[in-house]
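S.K.: One structure coming up, written as structure tokens, with questions to follow.
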Amino acid sequence: MEETIACTETAHIPQQRGASLLETAVRYAEERHWDVFPGTWLEAVDGLQRCSCASMSCVAPGAHPSRTDWPTQATGSVTAVRQMWQKQPTASILLPTGRTFDAFDVPESAGFLALARMERMGLALGPVTLTPDRRMQFFVLPGAAVKLSELVRKLGWAPTSLDLSAFGEGAYVAAPPTRYGSRGAVQWVCRPTSANRWLPDAEELISPLAYACGRDR
């Protein structure tokens, strides 16, 4: 209960000021045992922040994989993580899903509605992020992406009727403090702490998430 209250109160607080991307990536690998890998980065071109991929139409500037073989690049080795960010200190921090965790993805408005409902229900949460494109991502145990459609149907919804998806094997999420061009940085709504080291099952969160997405249509 206290954890969800703390989550809603800290949603828009800047992330650990002064910590470098290297230090943050190392912390994710060392303290959370998450695999991480460096993505693209932002470069100043004619006074504007451009993605290192050089695409003028990049939809996630500075916040997507820089290599097609990124699944093999992702690692939980602190030594390897240090080496990768020493080569490119401004690279974004990306986390592969389907390994240590999956992530439910919902609109920001539905996410905060779900958080309030979860608080009333006394549910324990894992980490939750908020992206600059106004999406909220709830970390849950692996396997959620595979089960999502079935779980939504059991609640009486057609999977395509809700703006609710899940990232699983072969996908990734951007971790704070990764920036999306000029749109801002990914933030923690619920920060990783010792209290939420154990992630919830998909079944524990799907009902309030589906309800919130249904209300948010």
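Within each chain, counting starts at residue 1; across the structure tokens, chains are named A, B, ... in the order shown, with ligands numbered 1 upward in that order.
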Where does region 97-191 of chain A meet region 16-31 of chain A within 12 Å, residue by residue, with the nearest atom pair and distance in Å to one decimal for each, counting only C-alpha atoms, listed by chain and rising number, as a tab-separated table?

M.R.:
residue	atom	partner	partner_atom	distance
A:Thr100	CA	A:Ala29	CA	11.1
A:Pro127	CA	A:Tyr28	CA	12.0
A:Ala174	CA	A:Ala25	CA	11.3
A:Ala175	CA	A:Ala25	CA	8.9
A:Pro176	CA	A:Thr24	CA	8.5
A:Pro177	CA	A:Leu21	CA	7.5
A:Thr178	CA	A:Leu21	CA	8.2
A:Arg179	CA	A:Leu21	CA	10.9
A:Gln187	CA	A:Gln16	CA	10.1
A:Trp188	CA	A:Gln16	CA	10.3
A:Arg191	CA	A:Gln16	CA	10.7

S.K.: Export C-alpha atoms of the chosen residues as a PDB file, in the first residue's frame?

M.R.:
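selection-v8.pdb, written as the output of this step:
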ATOM      1  CA  THR A 100      13.949 -10.717 -16.183  1.00  0.00           C
ATOM      2  CA  PRO A 127       8.851  -0.658 -11.153  1.00  0.00           C
ATOM      3  CA  ALA A 174      13.914   2.548 -22.568  1.00  0.00           C
ATOM      4  CA  ALA A 175      15.063   3.082 -18.993  1.00  0.00           C
ATOM      5  CA  PRO A 176      15.391   6.376 -17.101  1.00  0.00           C
ATOM      6  CA  PRO A 177      17.049   8.779 -17.691  1.00  0.00           C
ATOM      7  CA  THR A 178      17.029   8.047 -21.446  1.00  0.00           C
ATOM      8  CA  ARG A 179      15.825  11.047 -23.470  1.00  0.00           C
ATOM      9  CA  GLN A 187      11.038   8.805 -15.674  1.00  0.00           C
ATOM     10  CA  TRP A 188      10.262   6.399 -12.866  1.00  0.00           C
ATOM     11  CA  ARG A 191      11.384   3.512  -8.747  1.00  0.00           C
TER      12      ARG A 191
END

S.K.: Mind running region 154-199 of chain A against region 108-112 of chain A at 10 Å and telling me each contacting residue's nearest atom pair with the distance in Å (one decimal), counting only C-alpha atoms, chain and number ascending, as a tab-separated table?

M.R.:
residue	atom	partner	partner_atom	distance
A:Asp163	CA	A:Ala110	CA	9.1
A:Leu164	CA	A:Ala110	CA	9.4
A:Val189	CA	A:Phe112	CA	9.4

S.K.: Suppose we keep N, CA and C atoms; can you now write the selection as a short mmCIF file (atom, residue, chain, number, x, y, z; two decimals), in the first residue's frame?

M.R.:
data_model
loop_
_atom_site.label_atom_id
_atom_site.label_comp_id
_atom_site.auth_asym_id
_atom_site.auth_seq_id
_atom_site.Cartn_x
_atom_site.Cartn_y
_atom_site.Cartn_z
N ASP A 163 -6.36 -0.04 -25.51
CA ASP A 163 -5.00 0.45 -25.78
C ASP A 163 -4.08 -0.10 -24.69
N LEU A 164 -3.92 -1.42 -24.72
CA LEU A 164 -3.14 -2.15 -23.72
C LEU A 164 -2.31 -3.19 -24.45
N VAL A 189 7.91 6.26 -12.36
CA VAL A 189 6.72 6.53 -11.56
C VAL A 189 6.85 5.76 -10.25
#

S.K.: Using only C-alpha atoms for the distances, tell me which of A:Val81, A:Met136, A:Ala171, A:Ala124 is nearest to His64 (chain A).

M.R.: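 Closest to His64 (chain A) of all the choices is A:Ala171.
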
S.K.: Have a look at A:Thr97, A:Thr68, A:Thr131, A:Gln73 and name the one nearest to Arg183 (chain A); count only C-alpha atoms.

M.R.: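 Of A:Thr97, A:Thr68, A:Thr131, A:Gln73, the one nearest Arg183 (chain A) is A:Thr131, counting only C-alpha atoms.
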
S.K.: For Tyr180 (chain A), which residue out of A:Asn196, A:Ser92, A:Thr79, A:Ser55 is the nearest one, using only C-alpha atoms?

M.R.: A:Ser92

S.K.: Pick out the residues sitting within 9 Å of Leu113 (chain A), and hand them over as number ranges by chain; count only C-alpha atoms, and ignore anything fewer than 3 positions along from it in its own chain.

M.R.: A: 108-110, 116-118, 208-209, 212-213, 215-216

S.K.: How would the residues just chosen look if you wrote them out with N, CA and C atoms as a JSON list (two decimals), in the first residue's frame?

M.R.:
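Result went into selection.json, see below:
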[["chain", "number", "residue", "atom", "x", "y", "z"],
["A", 108, "GLU", "N", -0.76, 7.15, -20.54],
["A", 108, "GLU", "CA", -0.49, 7.77, -19.24],
["A", 108, "GLU", "C", -1.75, 7.95, -18.41],
["A", 109, "SER", "N", -2.82, 8.44, -19.01],
["A", 109, "SER", "CA", -4.05, 8.69, -18.27],
["A", 109, "SER", "C", -4.61, 7.40, -17.67],
["A", 110, "ALA", "N", -4.58, 6.33, -18.46],
["A", 110, "ALA", "CA", -5.07, 5.04, -17.96],
["A", 110, "ALA", "C", -4.12, 4.50, -16.88],
["A", 116, "ALA", "N", -4.23, 4.32, -9.07],
["A", 116, "ALA", "CA", -5.14, 4.67, -7.99],
["A", 116, "ALA", "C", -5.99, 3.46, -7.59],
["A", 117, "ARG", "N", -6.43, 2.71, -8.59],
["A", 117, "ARG", "CA", -7.23, 1.51, -8.32],
["A", 117, "ARG", "C", -6.39, 0.44, -7.63],
["A", 118, "MET", "N", -5.15, 0.28, -8.07],
["A", 118, "MET", "CA", -4.25, -0.70, -7.45],
["A", 118, "MET", "C", -3.98, -0.33, -5.99],
["A", 208, "PRO", "N", -7.07, -4.24, -13.06],
["A", 208, "PRO", "CA", -7.12, -2.79, -12.97],
["A", 208, "PRO", "C", -6.59, -2.08, -14.22],
["A", 209, "LEU", "N", -5.64, -2.69, -14.92],
["A", 209, "LEU", "CA", -5.14, -2.08, -16.14],
["A", 209, "LEU", "C", -6.19, -2.11, -17.25],
["A", 212, "ALA", "N", -8.96, 0.37, -16.43],
["A", 212, "ALA", "CA", -8.55, 1.75, -16.67],
["A", 212, "ALA", "C", -8.50, 2.06, -18.16],
["A", 213, "CYS", "N", -8.01, 1.12, -18.95],
["A", 213, "CYS", "CA", -7.96, 1.34, -20.41],
["A", 213, "CYS", "C", -9.36, 1.40, -21.00],
["A", 215, "ARG", "N", -12.02, 2.52, -19.41],
["A", 215, "ARG", "CA", -12.55, 3.83, -19.02],
["A", 215, "ARG", "C", -11.94, 4.95, -19.82],
["A", 216, "ASP", "N", -10.70, 4.73, -20.28],
["A", 216, "ASP", "CA", -9.94, 5.78, -20.95],
["A", 216, "ASP", "C", -10.24, 5.89, -22.44]]

S.K.: Among region 3-202 of chain A, which residues does DSSP mark as strand (DSSP E or B) when it is run on the backbone? Keep the chain and numbering as in the structure and answer as a PyMOL selection string.

M.R.: chain A and resi 36-39+42-45+48-51+65+75+93-96+102-107+128-130+135-140+165-167+172-174+179+185+187-190

S.K.: Restricted to N, CA and C atoms, what would the selected residues look like written as a tab-separated table (two decimals), in the first residue's frame?

M.R.:
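Below is the file that was written, part.tsv:
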chain	number	residue	atom	x	y	z
A	36	VAL	N	21.16	-5.07	-19.81
A	36	VAL	CA	21.05	-3.74	-20.42
A	36	VAL	C	21.87	-3.71	-21.70
A	37	PHE	N	21.56	-2.76	-22.56
A	37	PHE	CA	22.40	-2.55	-23.74
A	37	PHE	C	22.28	-1.09	-24.18
A	38	PRO	N	23.34	-0.55	-24.78
A	38	PRO	CA	23.32	0.85	-25.20
A	38	PRO	C	22.58	1.01	-26.53
A	39	GLY	N	21.78	2.05	-26.60
A	39	GLY	CA	21.07	2.34	-27.84
A	39	GLY	C	21.70	3.52	-28.55
A	42	LEU	N	21.86	11.19	-28.68
A	42	LEU	CA	21.50	12.46	-29.29
A	42	LEU	C	22.76	13.26	-29.66
A	43	GLU	N	22.70	13.90	-30.82
A	43	GLU	CA	23.80	14.73	-31.28
A	43	GLU	C	23.26	16.10	-31.65
A	44	ALA	N	24.02	17.13	-31.32
A	44	ALA	CA	23.61	18.49	-31.65
A	44	ALA	C	23.98	18.80	-33.10
A	45	VAL	N	22.97	19.09	-33.92
A	45	VAL	CA	23.18	19.43	-35.32
A	45	VAL	C	22.43	20.72	-35.61
A	48	LEU	N	20.02	21.75	-33.03
A	48	LEU	CA	18.92	20.83	-32.73
A	48	LEU	C	19.47	19.47	-32.27
A	49	GLN	N	18.68	18.78	-31.45
A	49	GLN	CA	19.05	17.45	-31.00
A	49	GLN	C	18.58	16.42	-32.02
A	50	ARG	N	19.52	15.75	-32.65
A	50	ARG	CA	19.21	14.73	-33.66
A	50	ARG	C	19.66	13.36	-33.18
A	51	CYS	N	18.98	12.34	-33.67
A	51	CYS	CA	19.35	10.97	-33.30
A	51	CYS	C	20.61	10.56	-34.04
A	65	PRO	N	17.51	0.89	-30.44
A	65	PRO	CA	18.76	0.16	-30.66
A	65	PRO	C	19.57	0.75	-31.81
A	75	THR	N	23.44	-7.47	-21.86
A	75	THR	CA	24.19	-8.23	-20.87
A	75	THR	C	23.93	-7.74	-19.46
A	93	ILE	N	19.94	4.06	-22.45
A	93	ILE	CA	19.92	2.81	-21.70
A	93	ILE	C	18.65	2.05	-22.07
A	94	LEU	N	18.81	0.90	-22.68
A	94	LEU	CA	17.67	0.08	-23.10
A	94	LEU	C	17.70	-1.25	-22.35
A	95	LEU	N	16.52	-1.75	-22.03
A	95	LEU	CA	16.37	-2.99	-21.26
A	95	LEU	C	15.58	-4.01	-22.09
A	96	PRO	N	16.15	-5.16	-22.39
A	96	PRO	CA	15.40	-6.17	-23.14
A	96	PRO	C	14.31	-6.78	-22.27
A	102	ASP	N	8.69	-8.68	-18.20
A	102	ASP	CA	7.92	-8.15	-19.32
A	102	ASP	C	7.36	-6.80	-18.86
A	103	ALA	N	6.72	-6.07	-19.76
A	103	ALA	CA	6.16	-4.78	-19.37
A	103	ALA	C	4.82	-4.55	-20.04
A	104	PHE	N	3.80	-4.25	-19.24
A	104	PHE	CA	2.51	-3.82	-19.78
A	104	PHE	C	2.62	-2.34	-20.17
A	105	ASP	N	2.09	-1.98	-21.32
A	105	ASP	CA	2.18	-0.62	-21.84
A	105	ASP	C	0.78	-0.05	-22.02
A	106	VAL	N	0.52	1.11	-21.37
A	106	VAL	CA	-0.80	1.74	-21.44
A	106	VAL	C	-0.62	3.26	-21.57
A	107	PRO	N	-1.68	3.98	-21.99
A	107	PRO	CA	-1.60	5.45	-22.02
A	107	PRO	C	-1.39	6.00	-20.62
A	128	VAL	N	7.65	1.03	-12.40
A	128	VAL	CA	6.77	1.58	-13.44
A	128	VAL	C	7.45	2.80	-14.04
A	129	THR	N	7.47	2.89	-15.37
A	129	THR	CA	8.07	4.05	-16.03
A	129	THR	C	7.01	4.88	-16.74
A	130	LEU	N	7.38	6.14	-16.99
A	130	LEU	CA	6.56	7.06	-17.78
A	130	LEU	C	7.45	7.62	-18.89
A	135	ARG	N	3.30	7.37	-22.35
A	135	ARG	CA	2.98	5.96	-22.16
A	135	ARG	C	3.54	5.52	-20.80
A	136	MET	N	2.81	4.65	-20.11
A	136	MET	CA	3.27	4.13	-18.83
A	136	MET	C	3.50	2.63	-18.97
A	137	GLN	N	4.60	2.17	-18.41
A	137	GLN	CA	4.99	0.77	-18.54
A	137	GLN	C	5.17	0.14	-17.17
A	138	PHE	N	4.40	-0.93	-16.92
A	138	PHE	CA	4.39	-1.65	-15.64
A	138	PHE	C	5.21	-2.92	-15.77
A	139	PHE	N	6.27	-3.06	-14.99
A	139	PHE	CA	7.13	-4.24	-15.06
A	139	PHE	C	6.46	-5.40	-14.31
A	140	VAL	N	6.38	-6.55	-14.98
A	140	VAL	CA	5.79	-7.76	-14.40
A	140	VAL	C	6.69	-8.94	-14.74
A	165	SER	N	-1.01	-3.10	-24.33
A	165	SER	CA	-0.13	-4.06	-24.99
A	165	SER	C	0.94	-4.50	-24.00
A	166	ALA	N	1.80	-5.41	-24.44
A	166	ALA	CA	2.86	-5.90	-23.56
A	166	ALA	C	4.13	-6.13	-24.36
A	167	PHE	N	5.25	-5.80	-23.74
A	167	PHE	CA	6.55	-6.06	-24.33
A	167	PHE	C	7.10	-7.34	-23.72
A	172	TYR	N	11.99	-4.43	-26.16
A	172	TYR	CA	12.80	-3.71	-25.17
A	172	TYR	C	12.02	-2.48	-24.71
A	173	VAL	N	12.46	-1.93	-23.58
A	173	VAL	CA	11.94	-0.64	-23.11
A	173	VAL	C	13.12	0.26	-22.82
A	174	ALA	N	12.89	1.57	-22.91
A	174	ALA	CA	13.91	2.55	-22.57
A	174	ALA	C	13.84	2.82	-21.07
A	179	ARG	N	16.59	9.94	-22.91
A	179	ARG	CA	15.82	11.05	-23.47
A	179	ARG	C	15.31	10.70	-24.86
A	185	ALA	N	12.70	13.14	-20.92
A	185	ALA	CA	13.33	11.89	-20.50
A	185	ALA	C	12.31	10.90	-19.95
A	187	GLN	N	10.98	8.63	-17.13
A	187	GLN	CA	11.04	8.81	-15.67
A	187	GLN	C	10.47	7.59	-14.96
A	188	TRP	N	10.86	7.43	-13.71
A	188	TRP	CA	10.26	6.40	-12.87
A	188	TRP	C	9.01	6.95	-12.22
A	189	VAL	N	7.91	6.26	-12.36
A	189	VAL	CA	6.72	6.53	-11.56
A	189	VAL	C	6.85	5.76	-10.25
A	190	CYS	N	7.26	4.50	-10.35
A	190	CYS	CA	7.63	3.68	-9.19
A	190	CYS	C	9.08	3.26	-9.39

S.K.: Among region 107-185 of chain A, which ones does DSSP place in helix (DSSP H, G or I), written as a PyMOL selection string?

M.R.: chain A and resi 108-121+144-154+159-161+181-183

S.K.: Take the residues that were just selected and, keeping N, CA and C atoms, output them as a short mmCIF file (atom, residue, chain, number, x, y, z; two decimals), in the first residue's frame.

M.R.:
data_model
loop_
_atom_site.label_atom_id
_atom_site.label_comp_id
_atom_site.auth_asym_id
_atom_site.auth_seq_id
_atom_site.Cartn_x
_atom_site.Cartn_y
_atom_site.Cartn_z
N GLU A 108 -0.76 7.15 -20.54
CA GLU A 108 -0.49 7.77 -19.24
C GLU A 108 -1.75 7.95 -18.41
N SER A 109 -2.82 8.44 -19.01
CA SER A 109 -4.05 8.69 -18.27
C SER A 109 -4.61 7.40 -17.67
N ALA A 110 -4.58 6.33 -18.46
CA ALA A 110 -5.07 5.04 -17.96
C ALA A 110 -4.12 4.50 -16.88
N GLY A 111 -2.83 4.74 -17.05
CA GLY A 111 -1.86 4.26 -16.08
C GLY A 111 -2.07 4.86 -14.70
N PHE A 112 -2.30 6.17 -14.64
CA PHE A 112 -2.53 6.79 -13.33
C PHE A 112 -3.87 6.37 -12.74
N LEU A 113 -4.87 6.16 -13.60
CA LEU A 113 -6.15 5.65 -13.11
C LEU A 113 -5.97 4.25 -12.53
N ALA A 114 -5.18 3.42 -13.22
CA ALA A 114 -4.92 2.07 -12.73
C ALA A 114 -4.13 2.10 -11.42
N LEU A 115 -3.16 2.99 -11.31
CA LEU A 115 -2.38 3.09 -10.07
C LEU A 115 -3.28 3.41 -8.88
N ALA A 116 -4.23 4.32 -9.07
CA ALA A 116 -5.14 4.67 -7.99
C ALA A 116 -5.99 3.46 -7.59
N ARG A 117 -6.43 2.71 -8.59
CA ARG A 117 -7.23 1.51 -8.32
C ARG A 117 -6.39 0.44 -7.63
N MET A 118 -5.15 0.28 -8.07
CA MET A 118 -4.25 -0.70 -7.45
C MET A 118 -3.98 -0.33 -5.99
N GLU A 119 -3.85 0.96 -5.72
CA GLU A 119 -3.65 1.43 -4.35
C GLU A 119 -4.81 1.01 -3.47
N ARG A 120 -6.04 1.24 -3.96
CA ARG A 120 -7.22 0.86 -3.18
C ARG A 120 -7.29 -0.65 -2.97
N MET A 121 -6.79 -1.41 -3.94
CA MET A 121 -6.83 -2.87 -3.85
C MET A 121 -5.68 -3.43 -3.01
N ALA A 144 4.11 -12.33 -19.58
CA ALA A 144 2.90 -11.50 -19.66
C ALA A 144 2.48 -11.25 -21.10
N ALA A 145 3.45 -11.02 -21.98
CA ALA A 145 3.12 -10.71 -23.37
C ALA A 145 2.41 -11.87 -24.04
N VAL A 146 2.82 -13.08 -23.71
CA VAL A 146 2.21 -14.27 -24.31
C VAL A 146 0.78 -14.46 -23.80
N LYS A 147 0.54 -14.13 -22.54
CA LYS A 147 -0.76 -14.38 -21.92
C LYS A 147 -1.75 -13.23 -22.08
N LEU A 148 -1.31 -12.09 -22.57
CA LEU A 148 -2.13 -10.89 -22.53
C LEU A 148 -3.50 -11.07 -23.18
N SER A 149 -3.54 -11.55 -24.42
CA SER A 149 -4.83 -11.67 -25.13
C SER A 149 -5.81 -12.55 -24.37
N GLU A 150 -5.34 -13.68 -23.87
CA GLU A 150 -6.21 -14.60 -23.14
C GLU A 150 -6.73 -13.95 -21.86
N LEU A 151 -5.86 -13.25 -21.14
CA LEU A 151 -6.26 -12.61 -19.89
C LEU A 151 -7.31 -11.53 -20.14
N VAL A 152 -7.14 -10.75 -21.20
CA VAL A 152 -8.10 -9.70 -21.52
C VAL A 152 -9.45 -10.29 -21.91
N ARG A 153 -9.42 -11.36 -22.68
CA ARG A 153 -10.68 -12.01 -23.07
C ARG A 153 -11.43 -12.54 -21.86
N LYS A 154 -10.71 -13.10 -20.88
CA LYS A 154 -11.35 -13.63 -19.68
C LYS A 154 -12.06 -12.53 -18.89
N PRO A 159 -9.28 -8.04 -27.14
CA PRO A 159 -7.93 -7.49 -27.02
C PRO A 159 -7.69 -6.25 -27.87
N THR A 160 -8.29 -6.20 -29.05
CA THR A 160 -8.07 -5.05 -29.94
C THR A 160 -8.86 -3.81 -29.53
N SER A 161 -9.76 -3.97 -28.55
CA SER A 161 -10.60 -2.84 -28.14
C SER A 161 -9.92 -1.95 -27.10
N GLY A 181 14.81 12.69 -27.78
CA GLY A 181 15.02 13.97 -28.45
C GLY A 181 14.68 15.13 -27.53
N SER A 182 13.92 16.09 -28.05
CA SER A 182 13.53 17.28 -27.27
C SER A 182 12.27 17.05 -26.45
N ARG A 183 11.71 15.83 -26.52
CA ARG A 183 10.45 15.57 -25.83
C ARG A 183 10.61 15.35 -24.34
#

S.K.: Of the candidates A:Trp41, A:Trp198, A:Pro142, A:Gln83, which one gets nearest to Ala60 (chain A) if we count only C-alpha atoms?

M.R.: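 Smallest separation from Ala60 (chain A) among the options: A:Trp41.
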
S.K.: Which value, in Å to one decimal, gives the distance between CA of Ala158 (chain A) and CA of Pro200 (chain A)?

M.R.: 23.4 Å

S.K.: For CA of Gly170 (chain A) and CA of Asp69 (chain A), determine how far apart the two atoms are, in Å to one decimal place.

M.R.: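 Taking CA of Gly170 (chain A) as the start and CA of Asp69 (chain A) as the end point, the length is 10.8 Å.
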
S.K.: Work out how far CA of Thr40 (chain A) is from CA of Ser52 (chain A), in Å to one decimal.

M.R.: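 About the pair CA of Ser52 (chain A) and CA of Thr40 (chain A): they are 5.7 Å apart.
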